[in-house]
>>> print(open('protein.cif').read())   # mmCIF, C-alpha atoms
data_structure
loop_
_atom_site.label_atom_id
_atom_site.label_comp_id
_atom_site.auth_asym_id
_atom_site.auth_seq_id
_atom_site.Cartn_x
_atom_site.Cartn_y
_atom_site.Cartn_z
CA MET Q 1 0.00 0.00 0.00
CA ASN Q 2 1.18 3.52 -0.75
CA LYS Q 3 2.09 5.59 2.27
CA VAL Q 4 -0.74 7.62 3.81
CA VAL Q 5 0.16 11.09 5.10
CA LEU Q 6 -2.19 13.47 6.91
CA VAL Q 7 -1.15 17.09 7.44
CA THR Q 8 -3.09 19.54 9.60
CA GLY Q 9 -2.91 23.21 8.69
CA ALA Q 10 -1.95 22.24 5.14
CA ASN Q 11 -3.57 25.03 3.15
CA SER Q 12 -0.71 27.55 3.39
CA GLY Q 13 2.73 28.29 4.84
CA ILE Q 14 5.04 25.47 5.82
CA GLY Q 15 2.15 22.97 5.76
CA LEU Q 16 1.56 23.53 2.05
CA ALA Q 17 5.29 23.71 1.35
CA LEU Q 18 5.72 20.35 3.08
CA CYS Q 19 3.00 18.81 0.91
CA GLU Q 20 4.74 20.03 -2.25
CA ARG Q 21 8.02 18.53 -1.10
CA LEU Q 22 6.43 15.22 -0.12
CA LEU Q 23 4.83 14.83 -3.55
CA ASP Q 24 8.14 15.72 -5.22
CA GLU Q 25 9.81 12.97 -3.19
CA GLU Q 26 7.12 10.30 -3.46
CA PRO Q 27 4.37 11.06 -6.03
CA GLY Q 28 2.47 7.86 -5.27
CA LEU Q 29 1.68 8.60 -1.64
CA GLN Q 30 -1.86 9.29 -0.44
CA LEU Q 31 -1.96 12.81 0.95
CA CYS Q 32 -4.76 14.20 3.11
CA LEU Q 33 -4.99 17.95 3.73
CA ALA Q 34 -6.77 18.55 7.04
CA CYS Q 35 -7.88 22.17 7.19
CA ARG Q 36 -10.40 24.35 8.97
CA ASN Q 37 -11.29 26.48 5.93
CA MET Q 38 -12.40 24.23 3.08
CA CYS Q 39 -12.27 26.97 0.45
CA ARG Q 40 -8.58 27.50 1.17
CA ALA Q 41 -8.09 23.74 1.31
CA GLN Q 42 -9.55 23.39 -2.18
CA GLU Q 43 -7.24 26.13 -3.44
CA ALA Q 44 -4.25 24.34 -1.89
CA ARG Q 45 -5.31 21.05 -3.47
CA ALA Q 46 -5.62 22.75 -6.87
CA THR Q 47 -2.11 24.18 -6.44
CA LEU Q 48 -0.69 20.76 -5.64
CA LEU Q 49 -2.50 19.09 -8.55
CA THR Q 50 -1.20 21.73 -10.96
CA SER Q 51 2.37 20.59 -10.28
CA HIS Q 52 1.43 16.93 -9.61
CA PRO Q 53 -1.60 16.13 -11.82
CA ARG Q 54 -1.71 12.44 -10.90
CA ALA Q 55 -1.31 12.90 -7.16
CA GLN Q 56 -3.82 11.46 -4.70
CA VAL Q 57 -4.78 14.49 -2.62
CA GLY Q 58 -7.80 14.28 -0.35
CA LEU Q 59 -9.41 16.98 1.78
CA LEU Q 60 -10.62 16.76 5.35
CA GLN Q 61 -12.42 19.43 7.33
CA LEU Q 62 -10.77 19.77 10.71
CA ASP Q 63 -10.88 22.53 13.29
CA THR Q 64 -8.57 21.47 16.11
CA SER Q 65 -10.15 24.02 18.45
CA SER Q 66 -13.44 22.09 18.31
CA VAL Q 67 -13.88 18.71 20.02
CA THR Q 68 -16.84 17.89 17.78
CA SER Q 69 -14.85 18.70 14.64
CA VAL Q 70 -11.89 16.56 15.74
CA LEU Q 71 -14.06 13.54 16.56
CA LYS Q 72 -15.98 13.85 13.29
CA ALA Q 73 -12.78 14.23 11.24
CA ALA Q 74 -11.19 11.22 12.94
CA GLN Q 75 -14.19 9.05 12.09
CA GLU Q 76 -13.91 10.15 8.47
CA VAL Q 77 -10.21 9.26 8.38
CA LYS Q 78 -10.95 5.78 9.74
CA LEU Q 79 -13.53 5.26 7.01
CA ARG Q 80 -11.11 6.32 4.24
CA TYR Q 81 -7.87 4.64 5.26
CA SER Q 82 -6.86 1.31 6.76
CA GLN Q 83 -3.56 2.65 8.09
CA LEU Q 84 -1.79 5.95 8.67
CA ASP Q 85 1.96 6.26 8.19
CA TYR Q 86 2.61 9.93 8.97
CA LEU Q 87 0.55 12.37 10.99
CA TYR Q 88 1.90 15.91 10.74
CA LEU Q 89 0.41 18.08 13.49
CA ASN Q 90 1.13 21.47 12.01
CA ALA Q 91 -2.01 23.58 12.59
CA GLY Q 92 -1.55 26.36 15.11
CA ILE Q 93 -2.58 29.87 16.05
CA MET Q 94 -1.20 32.87 17.88
CA PRO Q 95 -4.28 35.10 18.28
CA ASN Q 96 -4.15 38.81 19.00
CA PRO Q 97 -0.36 39.03 19.27
CA GLN Q 98 0.97 42.14 20.94
CA PHE Q 99 4.37 43.34 19.77
CA ASP Q 100 6.25 45.27 22.46
CA VAL Q 101 8.08 47.90 20.41
CA LYS Q 102 9.87 49.36 23.44
CA ALA Q 103 11.19 45.95 24.48
CA PHE Q 104 12.20 45.27 20.87
CA PHE Q 105 14.41 48.34 20.54
CA LYS Q 106 15.84 47.74 24.00
CA GLY Q 107 16.70 44.18 22.99
CA VAL Q 108 18.27 45.22 19.68
CA PHE Q 109 21.08 46.92 21.58
CA SER Q 110 21.62 44.10 24.05
CA SER Q 111 23.63 40.88 24.05
CA LYS Q 112 20.37 38.91 23.68
CA VAL Q 113 19.44 40.39 20.30
CA VAL Q 114 19.98 37.19 18.28
CA ASN Q 115 17.92 35.07 20.68
CA MET Q 116 15.19 37.72 20.77
CA LEU Q 117 14.95 37.85 16.98
CA ALA Q 118 15.04 34.08 16.66
CA THR Q 119 12.48 33.24 19.35
CA GLY Q 120 10.45 36.38 20.04
CA GLU Q 121 11.29 36.04 23.75
CA GLY Q 122 10.46 39.18 25.71
CA ILE Q 123 8.70 41.01 22.86
CA LEU Q 124 5.51 38.99 22.28
CA THR Q 125 2.39 38.57 24.37
CA GLN Q 126 -1.07 37.35 23.34
CA LYS Q 127 -4.67 37.78 24.43
CA ASP Q 128 -6.36 34.39 24.45
CA SER Q 129 -10.07 33.60 24.14
CA THR Q 130 -12.39 30.73 25.01
CA THR Q 131 -13.77 28.11 22.60
CA ALA Q 132 -17.34 26.85 22.42
CA ASP Q 133 -16.14 23.84 24.44
CA GLY Q 134 -15.02 26.13 27.25
CA MET Q 135 -11.29 25.70 26.69
CA GLN Q 136 -8.60 28.28 26.06
CA GLU Q 137 -8.37 28.67 22.30
CA VAL Q 138 -4.59 28.46 21.91
CA PHE Q 139 -4.36 25.37 24.12
CA ALA Q 140 -7.25 23.70 22.28
CA THR Q 141 -5.99 24.51 18.79
CA ASN Q 142 -2.27 23.94 19.22
CA LEU Q 143 -2.27 21.05 21.68
CA PHE Q 144 -5.45 19.39 22.92
CA GLY Q 145 -7.20 19.06 19.56
CA HIS Q 146 -4.12 17.33 18.17
CA PHE Q 147 -3.82 15.12 21.27
CA LEU Q 148 -7.45 14.04 20.84
CA LEU Q 149 -6.81 13.37 17.15
CA VAL Q 150 -3.86 11.09 17.96
CA ARG Q 151 -5.97 9.25 20.52
CA GLU Q 152 -8.77 8.75 18.00
CA LEU Q 153 -6.44 7.58 15.23
CA GLU Q 154 -4.35 5.28 17.42
CA SER Q 155 -5.86 2.20 15.75
CA LEU Q 156 -4.55 3.37 12.36
CA LEU Q 157 -1.19 4.51 13.70
CA CYS Q 158 -0.46 1.49 15.89
CA GLN Q 159 -0.71 -1.74 13.92
CA PRO Q 160 1.23 -5.00 14.22
CA GLY Q 161 4.42 -4.96 12.16
CA HIS Q 162 3.90 -1.31 11.23
CA THR Q 163 5.71 1.83 12.34
CA SER Q 164 4.26 5.32 12.12
CA GLN Q 165 5.40 8.85 12.85
CA VAL Q 166 3.59 11.69 14.61
CA ILE Q 167 5.43 14.92 13.86
CA TRP Q 168 4.61 18.15 15.69
CA THR Q 169 5.42 21.68 14.56
CA SER Q 170 6.76 23.24 17.73
CA SER Q 171 8.77 26.44 18.11
CA SER Q 172 11.91 27.94 19.55
CA ASN Q 173 9.39 30.05 21.47
CA ALA Q 174 8.57 27.00 23.64
CA HIS Q 175 9.73 28.19 27.05
CA GLN Q 176 9.46 26.22 30.28
CA SER Q 177 8.90 29.48 32.16
CA ALA Q 178 5.60 29.99 30.31
CA PHE Q 179 4.18 26.57 31.26
CA SER Q 180 2.64 25.36 34.51
CA LEU Q 181 1.16 21.96 35.35
CA GLU Q 182 -1.30 23.79 37.62
CA ASP Q 183 -2.53 25.82 34.63
CA ILE Q 184 -1.98 23.72 31.51
CA GLN Q 185 -4.43 25.85 29.51
CA HIS Q 186 -2.55 29.02 30.50
CA GLN Q 187 -5.68 30.80 31.68
CA GLN Q 188 -3.72 33.04 34.05
CA GLY Q 189 -0.82 34.06 31.80
CA THR Q 190 -0.04 36.22 28.79
CA HIS Q 191 2.08 33.74 26.82
CA PRO Q 192 -0.38 31.01 25.74
CA TYR Q 193 1.50 30.30 22.50
CA SER Q 194 4.79 29.65 24.27
CA SER Q 195 3.00 27.54 26.89
CA SER Q 196 1.25 25.45 24.23
CA LYS Q 197 4.49 24.81 22.36
CA TYR Q 198 6.36 23.78 25.50
CA ALA Q 199 3.46 21.46 26.29
CA THR Q 200 3.83 20.08 22.75
CA ASP Q 201 7.44 19.16 23.50
CA LEU Q 202 6.40 17.44 26.72
CA LEU Q 203 3.53 15.57 25.09
CA SER Q 204 5.75 14.27 22.30
CA LEU Q 205 8.04 12.75 24.92
CA ALA Q 206 5.08 11.19 26.74
CA LEU Q 207 3.71 9.69 23.52
CA ASN Q 208 7.04 7.99 22.92
CA THR Q 209 7.01 6.58 26.44
CA HIS Q 210 3.54 5.13 26.00
CA LEU Q 211 3.40 4.20 22.32
CA ASN Q 212 6.89 3.31 21.04
CA LYS Q 213 6.17 -0.29 21.97
CA LYS Q 214 3.15 -0.16 19.65
CA GLY Q 215 5.18 1.19 16.73
CA LEU Q 216 4.33 4.88 17.03
CA TYR Q 217 7.18 7.41 17.23
CA SER Q 218 6.71 11.10 17.98
CA SER Q 219 9.04 13.97 17.06
CA VAL Q 220 8.99 17.75 17.25
CA ILE Q 221 10.47 20.33 14.92
CA CYS Q 222 11.11 24.05 14.85
CA PRO Q 223 10.71 25.72 11.44
CA GLY Q 224 12.81 28.73 12.36
CA PHE Q 225 11.80 32.32 11.62
CA VAL Q 226 9.53 32.04 8.58
CA MET Q 227 7.68 34.89 6.90
CA THR Q 228 4.15 33.42 6.94
CA LYS Q 229 0.71 34.90 7.59
CA LEU Q 230 1.19 34.14 11.28
CA THR Q 231 4.47 36.07 11.30
CA TYR Q 232 2.98 39.09 9.52
CA ALA Q 233 0.17 39.10 12.11
CA ILE Q 234 2.74 39.29 14.90
CA LEU Q 235 4.91 42.07 13.53
CA PRO Q 236 3.89 45.76 13.40
CA ALA Q 237 1.21 46.53 10.82
CA PHE Q 238 3.43 48.10 8.17
CA PRO Q 239 2.34 48.11 4.52
CA ASP Q 240 3.43 45.06 2.50
CA PHE Q 241 5.90 47.05 0.41
CA LEU Q 242 7.80 48.07 3.56
CA TRP Q 243 8.18 44.43 4.54
CA THR Q 244 9.47 43.75 1.02
CA LEU Q 245 12.03 46.50 1.48
CA ALA Q 246 12.96 45.05 4.87
CA MET Q 247 13.72 41.59 3.50
CA PRO Q 248 17.39 42.42 2.71
CA ILE Q 249 17.78 43.20 6.42
CA PHE Q 250 16.48 39.73 7.29
CA TRP Q 251 18.84 38.18 4.75
CA PHE Q 252 21.68 40.09 6.39
CA ILE Q 253 20.67 38.89 9.87
CA ARG Q 254 20.78 35.33 8.55
CA MET Q 255 24.53 35.73 8.12
CA PHE Q 256 24.70 35.69 11.94
CA THR Q 257 21.90 33.27 12.86
CA ASN Q 258 20.88 30.30 10.73
CA THR Q 259 17.44 30.18 12.38
CA PHE Q 260 16.19 32.80 9.89
CA THR Q 261 14.82 30.31 7.36
CA LEU Q 262 12.46 33.02 6.03
CA THR Q 263 10.62 30.99 3.35
CA SER Q 264 8.03 28.28 3.87
CA TYR Q 265 10.10 25.88 1.75
CA ASN Q 266 13.10 26.36 4.03
CA GLY Q 267 10.97 26.21 7.17
CA ALA Q 268 9.60 22.81 6.13
CA GLU Q 269 13.11 21.32 5.93
CA ALA Q 270 12.95 19.44 9.25
CA LEU Q 271 9.41 18.19 8.56
CA PHE Q 272 10.54 16.84 5.22
CA TRP Q 273 13.78 15.39 6.63
CA LEU Q 274 11.84 13.38 9.23
CA PHE Q 275 9.76 11.80 6.44
CA LYS Q 276 12.94 10.12 5.18
CA GLN Q 277 14.22 8.88 8.55
CA THR Q 278 13.88 5.53 10.29
CA PRO Q 279 11.66 6.36 13.30
CA GLU Q 280 13.60 4.13 15.68
CA SER Q 281 16.78 6.15 15.02
CA LEU Q 282 15.30 9.45 16.25
CA ASP Q 283 15.94 11.01 19.66
CA ALA Q 284 12.78 11.57 21.71
CA TYR Q 285 14.54 14.30 23.72
CA SER Q 286 15.61 16.36 20.70
CA LYS Q 287 13.82 19.03 18.70
CA TYR Q 288 14.78 19.01 15.03
CA HIS Q 289 15.44 22.53 13.78
CA SER Q 290 15.17 23.76 10.21
CA LEU Q 291 18.22 25.95 9.55
CA THR Q 292 19.37 27.99 6.58
CA SER Q 293 22.90 29.29 6.16
CA GLY Q 294 23.80 32.79 5.07
CA ARG Q 295 24.31 31.40 1.57
CA GLY Q 296 20.85 29.82 1.53
CA ALA Q 297 21.78 26.17 2.13
CA ASN Q 298 19.25 24.21 4.17
CA HIS Q 299 20.09 21.68 6.85
CA ILE Q 300 18.64 20.35 10.10
CA GLN Q 301 20.08 20.18 13.58
CA PRO Q 302 18.80 18.21 16.60
CA ARG Q 303 18.88 20.21 19.82
CA LYS Q 304 18.12 18.80 23.25
CA MET Q 305 14.81 19.99 24.70
CA ASP Q 306 14.39 21.24 28.24
CA VAL Q 307 11.93 18.47 29.15
CA ASP Q 308 11.79 15.61 31.64
CA GLU Q 309 9.80 12.39 31.87
CA ASP Q 310 8.03 13.20 35.14
CA THR Q 311 6.59 16.50 33.89
CA ALA Q 312 5.71 14.92 30.55
CA GLU Q 313 3.86 12.08 32.28
CA ALA Q 314 2.03 14.48 34.59
CA LEU Q 315 0.84 16.50 31.59
CA TYR Q 316 -0.20 13.31 29.77
CA GLN Q 317 -2.35 12.24 32.71
CA LYS Q 318 -3.99 15.67 32.91
CA LEU Q 319 -4.80 15.51 29.20
CA LEU Q 320 -6.32 12.06 29.65
CA GLU Q 321 -8.52 13.43 32.43
CA LEU Q 322 -9.59 16.35 30.25
CA GLU Q 323 -10.27 13.94 27.37
CA ASP Q 324 -12.56 11.92 29.62
CA GLN Q 325 -14.44 15.08 30.59
CA VAL Q 326 -14.98 16.28 27.02
CA ARG Q 327 -16.04 12.83 25.82
CA LYS Q 328 -18.70 12.66 28.54
CA LYS Q 329 -19.82 16.15 27.58
CA GLU Q 330 -20.08 15.12 23.92
CA GLU Q 331 -22.03 12.01 24.88
CA ARG Q 332 -24.52 14.08 26.88
CA ARG Q 333 -24.86 16.46 23.96
CA ASP Q 334 -25.49 13.61 21.54
CA ASN Q 335 -28.09 12.07 23.85
CA ALA Q 336 -29.87 15.40 24.24
CA SER Q 337 -30.03 15.86 20.45
CA LEU Q 338 -31.59 12.40 20.07
CA LEU Q 339 -34.36 13.36 22.48
CA LEU Q 340 -35.27 16.44 20.45
#
>>> encode(input="protein.cif", output="structure tokens")
Amino acid sequence: MNKVVLVTGANSGIGLALCERLLDEEPGLQLCLACRNMCRAQEARATLLTSHPRAQVGLLQLDTSSVTSVLKAAQEVKLRYSQLDYLYLNAGIMPNPQFDVKAFFKGVFSSKVVNMLATGEGILTQKDSTTADGMQEVFATNLFGHFLLVRELESLLCQPGHTSQVIWTSSSNAHQSAFSLEDIQHQQGTHPYSSSKYATDLLSLALNTHLNKKGLYSSVICPGFVMTKLTYAILPAFPDFLWTLAMPIFWFIRMFTNTFTLTSYNGAEALFWLFKQTPESLDAYSKYHSLTSGRGANHIQPRKMDVDEDTAEALYQKLLELEDQVRKKEERRDNASLLL
């Protein structure tokens, strides 16, 4: 059977760039684009079929911030496919980002300028909101919806004699200081994106602990600093032509830090590299970074994550408890609709 690959958040940015690269590498694979906006998903599919007319590209409606949407999408996947080889968990949001201009200019003239530019540390805060399920939106979209999806698709991912990969798009903005086991949804803080990405790193480790023996291997990547729609939403609202004029500055900065991948193609390097690796050879404690040299050459580099098994397991258990709660809530909702 041809490999089956599902990519969340595949309609633009590094998700779409990854899909292009996967089809270039292996045209016969079965590719499923899991997206919230189906109009954009159809446009992405048309783009892929223009360059790969014979490709098998399916669409799946999936909003990872919605429990109902995740459960419905998972049932659809199980009807379509008998196995799943790669699950790329790439969808993510950073809503209402606030760019601290004062902190930015202060950081530019400090010894931490490279780290600040590469990770956004100290210059970004966000204002979170609540989903219809009563969860924090960033937590639900970036982490819990994907966790629930993995749980639902475990029967396709974990099969006798079969190995599969779950690959998360994390970030260099994943800071331990932003995360708390007492507030995994980050209701009390102002850095929900950073918290969700650190939780992603922890959860990947926990999945390996629990599911390696069943043939499932989890990895995390960092795409580097990529100029995507999410990035433009973070940075000050300058006209597009000013950002175009600023690009040479970013190219110059890349001479000093190879984390400035800038393009979606470059940012997808680590995602694509993992597709070609033997899962058993990967390090569960490393994050695989997409890097681009000053001359434009792409490569990846594994870097040890600041995670530990105890914290990862504690988070995993809390997510299982939350899963149990939302499933019971969905069951009550379904029963109530049957009575109407």
>>> atom_distance(input="protein.cif", atom1="atom CA of Gly15 of chain Q", atom2="atom CA of Gln187 of chain Q")
28.2 Å
>>> resolve_selection(input="protein.cif", expression="the PyMOL selection byres ((chain Q and resi 283) around 12)", output="list in words")
Ser204, Leu205, Asn208, Asn212, Tyr217, Ser218, Ser219, Val220, Ile221, Leu274, Gln277, Thr278, Pro279, Glu280, Ser281, Leu282, Ala284, Tyr285, Ser286, Lys287, Tyr288, Gln301, Pro302, Arg303, Lys304 and Met305 of chain Q
>>> residues_around(input="protein.cif", residues="segment 222-227 of chain Q", least_positions_apart="5", cutoff="9 Å", atoms="only C-alpha atoms", output="PyMOL selection string")
chain Q and resi 13-14+117-119+168-172+232+258-264+266-271+287-292
>>> closest_residue(input="protein.cif", among="Q:Glu20, Q:Asp133, Q:Glu25, Q:Asp85", to="Val326 of chain Q", atoms="all atoms listed in the file")
Q:Asp133
>>> closest_residue(input="protein.cif", among="Q:Leu71, Q:Ala178, Q:Leu148, Q:Leu216", to="Pro160 of chain Q", atoms="only C-alpha atoms")
Q:Leu216
>>> closest_residue(input="protein.cif", among="Q:Lys3, Q:His162, Q:Lys72, Q:His52", to="Glu330 of chain Q", atoms="only C-alpha atoms")
Q:Lys72
>>> residues_around(input="protein.cif", residues="Leu157 of chain Q", least_positions_apart="2", cutoff="7 Å", atoms="only C-alpha atoms", output="JSON, numbers by chain")
{"Q": [83, 84, 85, 153, 154, 155, 159, 164, 216]}
>>> residues_around(input="protein.cif", residues="segment 55-68 of chain Q", least_positions_apart="5", cutoff="9 Å", atoms="all atoms listed in the file", output="PyMOL selection string")
chain Q and resi 8-9+23+27-38+41-42+45+48-49+73-74+76-77+91-92+131-133+135-146+148-149+326-327+330
>>> closest_residue(input="protein.cif", among="Q:Arg54, Q:Arg151, Q:Arg21, Q:Arg40", to="Val70 of chain Q", atoms="only C-alpha atoms")
Q:Arg151
>>> closest_residue(input="protein.cif", among="Q:Leu207, Q:Tyr316, Q:Asn2, Q:Gln75", to="Ile167 of chain Q", atoms="only C-alpha atoms")
Q:Leu207
>>> closest_residue(input="protein.cif", among="Q:Arg333, Q:Asn90, Q:Leu322, Q:Cys19", to="Ser51 of chain Q", atoms="all atoms listed in the file")
Q:Cys19
>>> atom_distance(input="protein.cif", atom1="atom CA of Ala312 of chain Q", atom2="atom CA of Leu202 of chain Q")
4.6 Å
>>> atom_distance(input="protein.cif", atom1="atom CA of Thr190 of chain Q", atom2="atom CA of Ile93 of chain Q")
14.5 Å
>>> build_atoms(input="protein.cif", residues="segment 134-166 of chain Q", atoms="N, CA and C atoms", output="short mmCIF file (atom, residue, chain, number, x, y, z; two decimals), in the frame of the given file")
data_model
loop_
_atom_site.label_atom_id
_atom_site.label_comp_id
_atom_site.auth_asym_id
_atom_site.auth_seq_id
_atom_site.Cartn_x
_atom_site.Cartn_y
_atom_site.Cartn_z
N GLY Q 134 -15.43 25.60 25.95
CA GLY Q 134 -15.02 26.13 27.25
C GLY Q 134 -13.54 26.04 27.54
N MET Q 135 -12.74 25.77 26.51
CA MET Q 135 -11.29 25.70 26.69
C MET Q 135 -10.61 26.95 26.15
N GLN Q 136 -9.38 27.17 26.61
CA GLN Q 136 -8.60 28.28 26.06
C GLN Q 136 -8.26 27.95 24.60
N GLU Q 137 -8.43 28.93 23.73
CA GLU Q 137 -8.37 28.67 22.30
C GLU Q 137 -6.99 28.21 21.83
N VAL Q 138 -5.94 28.83 22.34
CA VAL Q 138 -4.59 28.46 21.91
C VAL Q 138 -4.26 27.04 22.35
N PHE Q 139 -4.57 26.72 23.59
CA PHE Q 139 -4.36 25.37 24.12
C PHE Q 139 -5.14 24.35 23.31
N ALA Q 140 -6.41 24.64 23.03
CA ALA Q 140 -7.25 23.70 22.28
C ALA Q 140 -6.75 23.50 20.86
N THR Q 141 -6.40 24.58 20.19
CA THR Q 141 -5.99 24.51 18.79
C THR Q 141 -4.61 23.89 18.62
N ASN Q 142 -3.67 24.35 19.40
CA ASN Q 142 -2.27 23.94 19.22
C ASN Q 142 -1.95 22.59 19.85
N LEU Q 143 -2.66 22.24 20.93
CA LEU Q 143 -2.27 21.05 21.68
C LEU Q 143 -3.40 20.03 21.84
N PHE Q 144 -4.46 20.40 22.54
CA PHE Q 144 -5.45 19.39 22.92
C PHE Q 144 -6.18 18.79 21.73
N GLY Q 145 -6.53 19.60 20.74
CA GLY Q 145 -7.20 19.06 19.56
C GLY Q 145 -6.34 18.03 18.85
N HIS Q 146 -5.05 18.28 18.78
CA HIS Q 146 -4.12 17.33 18.17
C HIS Q 146 -3.96 16.08 19.04
N PHE Q 147 -3.91 16.27 20.36
CA PHE Q 147 -3.82 15.12 21.27
C PHE Q 147 -5.04 14.21 21.08
N LEU Q 148 -6.22 14.81 21.02
CA LEU Q 148 -7.45 14.04 20.84
C LEU Q 148 -7.44 13.33 19.49
N LEU Q 149 -6.90 13.98 18.48
CA LEU Q 149 -6.81 13.37 17.15
C LEU Q 149 -5.91 12.13 17.18
N VAL Q 150 -4.77 12.24 17.83
CA VAL Q 150 -3.86 11.09 17.96
C VAL Q 150 -4.56 9.94 18.68
N ARG Q 151 -5.25 10.27 19.76
CA ARG Q 151 -5.97 9.25 20.52
C ARG Q 151 -7.02 8.55 19.65
N GLU Q 152 -7.73 9.31 18.86
CA GLU Q 152 -8.77 8.75 18.00
C GLU Q 152 -8.20 7.90 16.87
N LEU Q 153 -7.03 8.27 16.38
CA LEU Q 153 -6.44 7.58 15.23
C LEU Q 153 -5.41 6.53 15.64
N GLU Q 154 -5.35 6.23 16.92
CA GLU Q 154 -4.35 5.28 17.42
C GLU Q 154 -4.46 3.92 16.73
N SER Q 155 -5.68 3.51 16.40
CA SER Q 155 -5.86 2.20 15.75
C SER Q 155 -5.25 2.16 14.36
N LEU Q 156 -5.18 3.31 13.68
CA LEU Q 156 -4.55 3.37 12.36
C LEU Q 156 -3.04 3.56 12.46
N LEU Q 157 -2.60 4.22 13.52
CA LEU Q 157 -1.19 4.51 13.70
C LEU Q 157 -0.42 3.33 14.32
N CYS Q 158 -1.10 2.58 15.16
CA CYS Q 158 -0.46 1.49 15.89
C CYS Q 158 -1.00 0.15 15.41
N GLN Q 159 -0.29 -0.45 14.47
CA GLN Q 159 -0.71 -1.74 13.92
C GLN Q 159 0.46 -2.72 13.97
N PRO Q 160 0.17 -4.00 14.15
CA PRO Q 160 1.23 -5.00 14.22
C PRO Q 160 2.14 -4.97 13.00
N GLY Q 161 3.45 -4.95 13.26
CA GLY Q 161 4.42 -4.96 12.16
C GLY Q 161 4.51 -3.67 11.38
N HIS Q 162 3.97 -2.59 11.95
CA HIS Q 162 3.90 -1.31 11.23
C HIS Q 162 4.41 -0.19 12.13
N THR Q 163 5.27 0.66 11.59
CA THR Q 163 5.71 1.83 12.34
C THR Q 163 5.11 3.09 11.73
N SER Q 164 4.84 4.06 12.57
CA SER Q 164 4.26 5.32 12.12
C SER Q 164 4.94 6.47 12.84
N GLN Q 165 4.81 7.66 12.24
CA GLN Q 165 5.40 8.85 12.85
C GLN Q 165 4.34 9.91 13.09
N VAL Q 166 4.37 10.49 14.29
CA VAL Q 166 3.59 11.69 14.61
C VAL Q 166 4.61 12.82 14.74
#
